[in-house]
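Undergrad: First the structure, which I've put down as structure tokens, then a few questions once you've had a look.
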Amino acid sequence: MSEPEVARQAVEAAYHGRARRFVALVRKESYQIVRDPSSILIAFVLPIILLFIFGYGVSLDATRTRVGLVVESTTSITQSLAASFQASPYFEVINGHDRREFEQDLVTGGVYGIIVIPSTFANDFAASDAPKIQVIVDGSDPNTASFVQSYAQGVVATWTALQGAETTGGAPIIAVNQRFWFNAELISRDFLVPGAIAIVMTLVGTLLTSLVIAREWERGTMEAMMATPVTAAELLAGKILPYFVLGLASMTLCVLLAVFLFGVPFRGSLLALYTLSATFLIPALGQGLLISALTKNQFLASQIAITTAFMPAFLLSGFLFEINSMPRMIQWITMIVPARYLIPSLQTVFLAGDIWSMFLPAIAIMLLIGAALFAMAARNTRKRIG
Amino acid sequence: MRWMRIKALIIKEFLALLRDPRGRAVLIGPPIIQLFIFAYAATLEVTNVDVMVLNRDAGSWGEELLHRIEGAPTFRTVAHAQGPEAVRDAIDTQRVIAAVQIGPSFSRDIEAGLPTDIEVILDGRKSNASQIVGGYLDEIVTGLAADTPVGQRLASAAIDIVPRNWFNPNLIYQWFMVPNLIASIALVIGLIVTALSIARERELGTLDQLMVSPLRTSEIILGKLTPPMIIGLFNITLYILAAVFFFEVPLRGSLLFLYGGAIFYLAAVVGVGLFISAMAMTQQQAILGAFLFMVPAMLLSGFATPIDNMPRWLQPVTLINPLRYFLVIVNGVFLRDLPIGEVVKNAVPLALIAMGTLSAAAWLFRRRLE
């Protein structure tokens, strides 16, 4: 055997050895996932629950808010206005004649508002002398309060237009035709689902990964692994690859449920969906690694993962709350929340289609955050060992 | 003798939680950070958004509408579009959330006293925020309509709606958010601390030592539930102080009711946590199990959306959710001076949940040993 041949074989053997080691690591980690019911719970059962809640339970669309309607004196004109409130699809009306009947209910949450048509209303209206009605709402829930106020305004405006139909033809002076692109019927499920996907991938990528690796540190098996010929990079890659696949599998389940069970439109391409999701998992896994390397303790890891990954994915991602409306300092914090870049892009993939001019910058930033997190994780892993 | 035993266990549990300085920090730090960041972040007000106007009207009314939109404090920038392609592109890439299109006959129609219209295109991907923006634009247009010649003629007949916001006259969002966060954050920390307590001993193998001690199951449960409850009350106290002195949320009701409610709430949360812990074989299972309970509990509590808005068949599910009851107490006591009857009405289900979950935890704990 010639010398170069030996060298070549040695290199090949080393290469095979390395590949074998890596495959073995991945296999070990995969068994661990399959064997522990809790990772299956978080990757497959939680997404199903979340999608069902978003599909059926949590809709941000207000429906039939309970209000008390007080008609202080009954005339044909107040009856007609009251009938408009009763017919409104937005209100579940309880009738009364004195606002005091409802004041206690407003304190205990029995009604969200009281609409008062005062005794002077009929005369003022007939005389065109600035007729007034009063809308009292429970301000302790500002959201529902403003819904009630604006729906009451809508009912009154429609009623006024009908009353004035003889003089003005019933048409408003300037009509505003609102058109909601991409989600014409404003189904909140359709934009909540991408948020749910981001949350589930955050849980798999960051929380689950940080727990699994923190446990290895806790038990000392991480150090044991370090003592084997496996390099630190191989070890970390072998650990996170199965969770990367698990995250994508969990995302796929979400998408299948969303599209086939809940009828959420899917107007973009699978390529865009998988590219965005796979990119998102890089910072998510990097964060999980970093947390476990820093804490080496499952309780600490869980608390830090909740504060820095789960809650931000919920609240600082633009999923429920508009980032532009947050105070400047909080807006800066959202810049390093990977979910902030994923969610608008996913919403676009589902509802609008492929808009790569929007996806590419998002992908670039997620990669950047991911690279930074991995670099920090690698530094901390090495330092602790050395 | 019996109390000595329980006391020893409580002290041991406290040490397990507080011995490590990082463990101490994590019980206080993240919850406080969460309170402050989320109180500021979670707002359903929409401000600082970018909109676009495509004005094809040559007259003064289109110009006037444009000025009024530019003058509204809600909008950060108002871009001028040259054509519909610019509108499509800006909405597609989310550079603007809404685009107003004013047609060529807008001023002419208004001067002639004819009804006219404008078109508002909104980004349905953010349907919540865009609905609110749509509302703002409606208001601006209504204001403009009232100033047109026809509008001025009709003004005397217009109905004036007098709004009154009880309990929170300026609808300050934090007055709603901070009390809600007190309840939610206490759930997160309380649940995870307790979920880990038995699971950790099982994983480390110290549970067997505990079992051969003279402690009875009920004593172990009592020893395990006391420290998290005290930590929970300590955290809630911190939050109440922050709510009153930092966020200046008015505390109109009785502090006694608030603490009374908090004790029942924490007992229920700790009960759920111990139940999960008794079921889990490892710490990982315990934490993830806690999540599996926590996420739906937060979404189905009435915090994000009123329970009345949920479908009828789902509403009974919320009956076993401790957060649902404590939210009523904490919001009610803070802002509405909730009467004792209502506090009791919400504390009783909490007590039932606590009893149910604690007995289930004790039963499971005993069964797992056999």
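So you can find residues: chains in the structure tokens are A, B, ... in the order shown, residues in each start at 1, and ligands are numbered from 1 in order.
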Excluding same-chain residues fewer than 6 positions from stretch 236-248 of chain A, what lies within 8 Å of it counting only C-alpha atoms, as a short mmCIF file (atom, residue, chain, number, x, y, z; two decimals) with C-alpha atoms, in the first residue's frame?

TA:
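That gives us around-v3.cif:
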data_model
loop_
_atom_site.label_atom_id
_atom_site.label_comp_id
_atom_site.auth_asym_id
_atom_site.auth_seq_id
_atom_site.Cartn_x
_atom_site.Cartn_y
_atom_site.Cartn_z
CA PHE A 22 -22.49 12.38 14.84
CA VAL A 23 -25.18 9.96 13.68
CA LEU A 25 -25.40 11.39 18.89
CA VAL A 26 -28.40 12.40 16.82
CA GLU A 29 -31.08 12.46 21.28
CA SER A 30 -33.93 11.38 19.01
CA ALA A 43 -44.51 19.64 20.33
CA VAL A 200 -44.99 26.66 19.57
CA MET A 201 -41.65 26.84 17.75
CA VAL A 204 -39.76 23.61 21.23
CA GLY A 205 -36.67 25.53 20.14
CA THR A 209 -33.89 22.56 24.26
CA TYR A 274 -40.26 26.30 5.45
CA SER A 277 -39.63 28.64 9.89
CA ALA A 278 -36.26 26.95 9.53
CA LEU A 281 -35.44 27.98 14.59
CA LEU A 285 -32.22 27.00 19.32
#

Undergrad: I'd like to know which residues of stretch 143-258 of chain A are alpha helix (DSSP H) (by DSSP, run on the backbone); could you write them as a PyMOL selection string?

TA: chain A and resi 143-163+165-168+188-202+209-219+221-226+232-256

Undergrad: Could you please take those selected residues and save C-alpha atoms as a tab-separated table (two decimals), in the first residue's frame?

TA:
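Contents of result-v1.tsv, as written:
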chain	number	residue	atom	x	y	z
A	143	ASN	CA	-60.98	47.45	25.47
A	144	THR	CA	-64.58	46.42	25.87
A	145	ALA	CA	-65.36	49.96	27.01
A	146	SER	CA	-64.26	51.49	23.74
A	147	PHE	CA	-66.05	48.77	21.77
A	148	VAL	CA	-69.31	49.60	23.56
A	149	GLN	CA	-68.81	53.33	22.98
A	150	SER	CA	-68.12	52.96	19.29
A	151	TYR	CA	-70.88	50.41	18.67
A	152	ALA	CA	-73.36	52.68	20.45
A	153	GLN	CA	-72.23	55.51	18.20
A	154	GLY	CA	-72.77	53.28	15.18
A	155	VAL	CA	-76.30	52.34	16.24
A	156	VAL	CA	-77.20	56.00	16.82
A	157	ALA	CA	-75.70	57.09	13.49
A	158	THR	CA	-77.65	54.47	11.57
A	159	TRP	CA	-80.85	55.36	13.39
A	160	THR	CA	-80.34	59.08	12.74
A	161	ALA	CA	-79.79	58.42	9.05
A	162	LEU	CA	-83.05	56.47	8.91
A	163	GLN	CA	-84.94	59.22	10.72
A	165	ALA	CA	-84.25	59.70	5.34
A	166	GLU	CA	-87.05	61.98	4.17
A	167	THR	CA	-84.83	65.05	4.17
A	168	THR	CA	-81.39	63.77	3.18
A	188	SER	CA	-59.12	36.95	13.88
A	189	ARG	CA	-58.29	33.23	13.75
A	190	ASP	CA	-56.59	33.85	10.41
A	191	PHE	CA	-53.99	36.14	11.88
A	192	LEU	CA	-53.74	34.40	15.26
A	193	VAL	CA	-52.61	31.09	13.75
A	194	PRO	CA	-49.21	32.38	12.57
A	195	GLY	CA	-48.69	33.72	16.09
A	196	ALA	CA	-49.52	30.31	17.52
A	197	ILE	CA	-46.93	28.73	15.23
A	198	ALA	CA	-44.26	31.16	16.42
A	199	ILE	CA	-45.11	30.40	20.04
A	200	VAL	CA	-44.99	26.66	19.57
A	201	MET	CA	-41.65	26.84	17.75
A	202	THR	CA	-40.31	29.07	20.53
A	209	THR	CA	-33.89	22.56	24.26
A	210	SER	CA	-32.70	24.60	27.22
A	211	LEU	CA	-34.31	22.13	29.64
A	212	VAL	CA	-32.85	19.05	27.99
A	213	ILE	CA	-29.33	20.42	27.90
A	214	ALA	CA	-29.56	21.98	31.35
A	215	ARG	CA	-30.42	18.53	32.65
A	216	GLU	CA	-27.30	17.08	31.07
A	217	TRP	CA	-25.25	19.74	32.82
A	218	GLU	CA	-27.11	19.14	36.08
A	219	ARG	CA	-26.38	15.43	35.95
A	221	THR	CA	-23.46	13.81	31.54
A	222	MET	CA	-22.48	16.86	29.50
A	223	GLU	CA	-18.99	16.80	30.97
A	224	ALA	CA	-18.84	13.07	30.35
A	225	MET	CA	-19.66	13.67	26.69
A	226	MET	CA	-17.01	16.36	26.51
A	232	ALA	CA	-17.93	20.66	21.31
A	233	ALA	CA	-19.35	21.78	17.98
A	234	GLU	CA	-20.37	18.24	17.04
A	235	LEU	CA	-21.91	17.72	20.42
A	236	LEU	CA	-24.02	20.86	20.25
A	237	ALA	CA	-25.02	20.24	16.64
A	238	GLY	CA	-25.96	16.65	17.46
A	239	LYS	CA	-28.08	17.84	20.36
A	240	ILE	CA	-30.01	20.50	18.52
A	241	LEU	CA	-30.56	18.80	15.17
A	242	PRO	CA	-33.36	16.56	16.50
A	243	TYR	CA	-35.06	19.59	18.07
A	244	PHE	CA	-34.76	21.46	14.80
A	245	VAL	CA	-36.61	18.62	13.09
A	246	LEU	CA	-39.13	18.45	15.96
A	247	GLY	CA	-39.79	22.18	15.64
A	248	LEU	CA	-40.47	21.87	11.93
A	249	ALA	CA	-42.68	18.83	12.50
A	250	SER	CA	-44.67	20.72	15.10
A	251	MET	CA	-45.01	23.69	12.73
A	252	THR	CA	-46.19	21.35	9.97
A	253	LEU	CA	-48.88	19.96	12.25
A	254	CYS	CA	-50.05	23.50	13.05
A	255	VAL	CA	-50.25	24.41	9.38
A	256	LEU	CA	-52.12	21.23	8.44

Undergrad: Got a sec to pull out which chain A residues are within 6 Å of chain B, counting only C-alpha atoms, and send them as number ranges by chain?

TA: A: 38, 57, 63, 107, 128, 130-142, 173-183, 186, 191, 321, 324-326, 358

Undergrad: May I have the residues from that selection written out with N, CA and C atoms, as a tab-separated table (two decimals), in the first residue's frame?

TA:
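Writing done, so here's result01.tsv:
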chain	number	residue	atom	x	y	z
A	38	SER	N	-43.18	14.06	27.53
A	38	SER	CA	-43.37	15.50	27.70
A	38	SER	C	-42.96	16.28	26.46
A	57	GLY	N	-61.99	29.59	20.60
A	57	GLY	CA	-62.20	30.29	21.87
A	57	GLY	C	-61.88	31.76	21.82
A	63	THR	N	-68.43	40.18	20.27
A	63	THR	CA	-69.75	39.73	19.84
A	63	THR	C	-70.69	40.01	20.99
A	107	VAL	N	-70.73	47.35	38.58
A	107	VAL	CA	-69.66	47.08	39.54
A	107	VAL	C	-69.30	45.60	39.54
A	128	SER	N	-85.13	69.60	17.35
A	128	SER	CA	-83.76	69.68	16.84
A	128	SER	C	-82.88	70.50	17.78
A	130	ALA	N	-80.26	69.79	19.98
A	130	ALA	CA	-79.16	68.98	20.50
A	130	ALA	C	-79.61	67.87	21.44
A	131	PRO	N	-80.32	66.87	20.91
A	131	PRO	CA	-80.73	65.75	21.76
A	131	PRO	C	-79.52	64.96	22.25
A	132	LYS	N	-79.61	64.44	23.47
A	132	LYS	CA	-78.45	63.74	24.06
A	132	LYS	C	-78.84	62.34	24.50
A	133	ILE	N	-77.93	61.40	24.33
A	133	ILE	CA	-78.08	60.16	25.08
A	133	ILE	C	-76.75	59.91	25.79
A	134	GLN	N	-76.85	59.12	26.87
A	134	GLN	CA	-75.64	58.90	27.65
A	134	GLN	C	-75.21	57.43	27.55
A	135	VAL	N	-73.91	57.21	27.37
A	135	VAL	CA	-73.41	55.84	27.36
A	135	VAL	C	-72.39	55.71	28.48
A	136	ILE	N	-72.76	54.94	29.51
A	136	ILE	CA	-71.86	54.72	30.64
A	136	ILE	C	-71.23	53.35	30.45
A	137	VAL	N	-69.89	53.29	30.49
A	137	VAL	CA	-69.25	51.98	30.31
A	137	VAL	C	-68.34	51.67	31.48
A	138	ASP	N	-67.99	50.38	31.59
A	138	ASP	CA	-67.09	49.93	32.64
A	138	ASP	C	-65.66	50.13	32.15
A	139	GLY	N	-65.04	51.22	32.59
A	139	GLY	CA	-63.70	51.56	32.11
A	139	GLY	C	-62.62	50.65	32.63
A	140	SER	N	-62.94	49.76	33.59
A	140	SER	CA	-61.88	48.90	34.11
A	140	SER	C	-61.44	47.89	33.06
A	141	ASP	N	-62.23	47.70	32.02
A	141	ASP	CA	-61.76	46.95	30.86
A	141	ASP	C	-61.82	47.90	29.66
A	142	PRO	N	-60.74	48.67	29.43
A	142	PRO	CA	-60.79	49.75	28.43
A	142	PRO	C	-61.13	49.26	27.04
A	173	ILE	N	-73.22	62.03	4.44
A	173	ILE	CA	-72.63	63.05	3.59
A	173	ILE	C	-71.37	62.52	2.93
A	174	ILE	N	-70.49	61.91	3.77
A	174	ILE	CA	-69.30	61.25	3.20
A	174	ILE	C	-69.28	59.82	3.73
A	175	ALA	N	-69.50	58.87	2.88
A	175	ALA	CA	-69.44	57.48	3.31
A	175	ALA	C	-67.98	57.03	3.28
A	176	VAL	N	-67.61	56.22	4.27
A	176	VAL	CA	-66.26	55.67	4.27
A	176	VAL	C	-66.36	54.19	3.92
A	177	ASN	N	-65.86	53.82	2.77
A	177	ASN	CA	-65.89	52.40	2.39
A	177	ASN	C	-64.59	51.76	2.84
A	178	GLN	N	-64.70	50.95	3.88
A	178	GLN	CA	-63.48	50.29	4.37
A	178	GLN	C	-63.32	48.96	3.66
A	179	ARG	N	-62.11	48.72	3.19
A	179	ARG	CA	-61.83	47.41	2.62
A	179	ARG	C	-60.61	46.84	3.30
A	180	PHE	N	-60.78	45.67	3.86
A	180	PHE	CA	-59.66	45.02	4.53
A	180	PHE	C	-59.04	44.04	3.57
A	181	TRP	N	-57.86	44.35	3.11
A	181	TRP	CA	-57.16	43.46	2.19
A	181	TRP	C	-56.69	42.22	2.93
A	182	PHE	N	-56.61	41.14	2.23
A	182	PHE	CA	-56.05	39.86	2.69
A	182	PHE	C	-56.96	39.13	3.69
A	183	ASN	N	-57.86	39.85	4.35
A	183	ASN	CA	-58.70	39.20	5.37
A	183	ASN	C	-59.98	40.00	5.42
A	186	LEU	N	-62.29	39.87	8.33
A	186	LEU	CA	-61.67	40.13	9.63
A	186	LEU	C	-61.81	38.97	10.58
A	191	PHE	N	-55.29	35.54	11.58
A	191	PHE	CA	-53.99	36.14	11.88
A	191	PHE	C	-53.44	35.66	13.22
A	321	PHE	N	-50.10	42.88	20.14
A	321	PHE	CA	-50.02	44.31	20.40
A	321	PHE	C	-49.12	44.98	19.35
A	324	ASN	N	-45.45	49.56	17.05
A	324	ASN	CA	-45.29	51.01	16.88
A	324	ASN	C	-45.88	51.80	18.03
A	325	SER	N	-46.87	51.24	18.71
A	325	SER	CA	-47.55	51.98	19.77
A	325	SER	C	-46.87	51.83	21.12
A	326	MET	N	-45.85	50.99	21.20
A	326	MET	CA	-45.18	50.79	22.48
A	326	MET	C	-44.20	51.93	22.74
A	358	MET	N	-40.25	41.42	1.54
A	358	MET	CA	-40.51	41.54	2.97
A	358	MET	C	-39.80	40.41	3.73

Undergrad: Give me the residues within 8 Å of B:Leu9 as an MDAnalysis selection string, counting only C-alpha atoms and dropping any in the same chain fewer than 6 places off.

TA: chainID B and resid 220 223:224

Undergrad: What gap, in Å, lies between atom CA of B:Ala351 and atom CA of B:Asn180?

TA: 20.1 Å

Undergrad: Which is closest to A:Phe125 among A:Gln347, A:Asn297, A:Ser76, A:Gln32, if we use only C-alpha atoms?

TA: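 Ranking A:Gln347, A:Asn297, A:Ser76, A:Gln32 by distance to A:Phe125, first place goes to A:Ser76.
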
Undergrad: Using DSSP secondary structure from the backbone, list all strand (DSSP E) positions within stretch 21-185 of chain A, as a ChimeraX atom specification.

TA: /A:65-71,91-96,113-117,132-138,174-181

Undergrad: I'd like to know which of A:Phe85, A:Phe299, A:Ile369, A:Phe102 is closest to B:Ala195, using only C-alpha atoms.

TA: A:Phe299

Undergrad: Counting only C-alpha atoms, what is within 12 Å of A:Leu276, bar same-chain residues fewer than 5 positions away, as a ChimeraX atom specification?

TA: /A:194,197-198,201,248,251,268-271,281-283,338-339,341-349,354,356,358-367

Undergrad: Can you write out the residues you just picked, keeping C-alpha atoms, as a compact mmCIF listing (two decimals), in the first residue's frame?

TA:
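Once everything was written out, this is again35.txt:
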# COMPACT_ATOMS: atom_id res chain seq x y z
CA PRO A 194 -49.21 32.38 12.57
CA ILE A 197 -46.93 28.73 15.23
CA ALA A 198 -44.26 31.16 16.42
CA MET A 201 -41.65 26.84 17.75
CA LEU A 248 -40.47 21.87 11.93
CA MET A 251 -45.01 23.69 12.73
CA GLY A 268 -47.98 31.69 -0.26
CA SER A 269 -45.62 28.84 -1.08
CA LEU A 270 -44.35 25.96 1.03
CA LEU A 271 -40.86 27.10 0.14
CA LEU A 281 -35.44 27.98 14.59
CA ILE A 282 -31.77 29.04 14.37
CA PRO A 283 -32.04 31.94 16.87
CA PRO A 338 -36.81 36.82 16.65
CA ALA A 339 -40.58 36.20 16.71
CA TYR A 341 -39.58 39.09 12.35
CA LEU A 342 -41.26 35.76 11.87
CA ILE A 343 -44.87 36.62 12.68
CA PRO A 344 -45.56 39.37 10.09
CA SER A 345 -43.87 37.23 7.43
CA LEU A 346 -45.92 34.16 8.35
CA GLN A 347 -49.11 36.22 8.37
CA THR A 348 -48.15 37.31 4.88
CA VAL A 349 -47.45 33.74 3.72
CA ASP A 354 -45.03 35.36 -1.21
CA TRP A 356 -39.94 38.17 -0.80
CA MET A 358 -40.51 41.54 2.97
CA PHE A 359 -39.20 38.05 3.82
CA LEU A 360 -35.55 38.53 2.86
CA PRO A 361 -34.76 41.30 5.35
CA ALA A 362 -36.60 39.31 8.06
CA ILE A 363 -34.57 36.20 7.22
CA ALA A 364 -31.32 38.19 7.27
CA ILE A 365 -32.03 39.64 10.71
CA MET A 366 -33.08 36.29 12.17
CA LEU A 367 -29.84 34.74 10.86

Undergrad: Select, from B:Leu210, B:Ala8, B:Leu319, B:Ala267, the residue with the minimum atom-to-atom distance to B:Gly190, counting only C-alpha atoms.

TA: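 Of all the options, B:Ala267 lies closest to B:Gly190.
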
Undergrad: Show me, as a CSV table (one decimal) with C-alpha atoms, in the first residue's frame, the residues that have an atom within 9 Å of A:Ala301 when counting only C-alpha atoms, minus same-chain residues fewer than 3 positions from it.

TA:
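The result, written out as selection-v2.csv:
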chain,number,residue,atom,x,y,z
A,207,LEU,CA,-37.7,26.1,26.3
A,210,SER,CA,-32.7,24.6,27.2
A,211,LEU,CA,-34.3,22.1,29.6
A,214,ALA,CA,-29.6,22.0,31.3
A,288,GLY,CA,-32.0,27.6,24.2
A,291,ILE,CA,-29.6,29.6,28.4
A,292,SER,CA,-28.6,26.1,29.3
A,294,LEU,CA,-25.4,29.8,31.4
A,295,THR,CA,-27.7,28.3,34.0
A,296,LYS,CA,-26.9,24.5,34.0
A,297,ASN,CA,-30.1,24.1,36.1
A,298,GLN,CA,-33.5,23.2,34.8
A,304,ILE,CA,-35.2,32.5,32.0
A,305,ALA,CA,-36.7,30.8,28.9
A,306,ILE,CA,-40.1,32.0,29.9
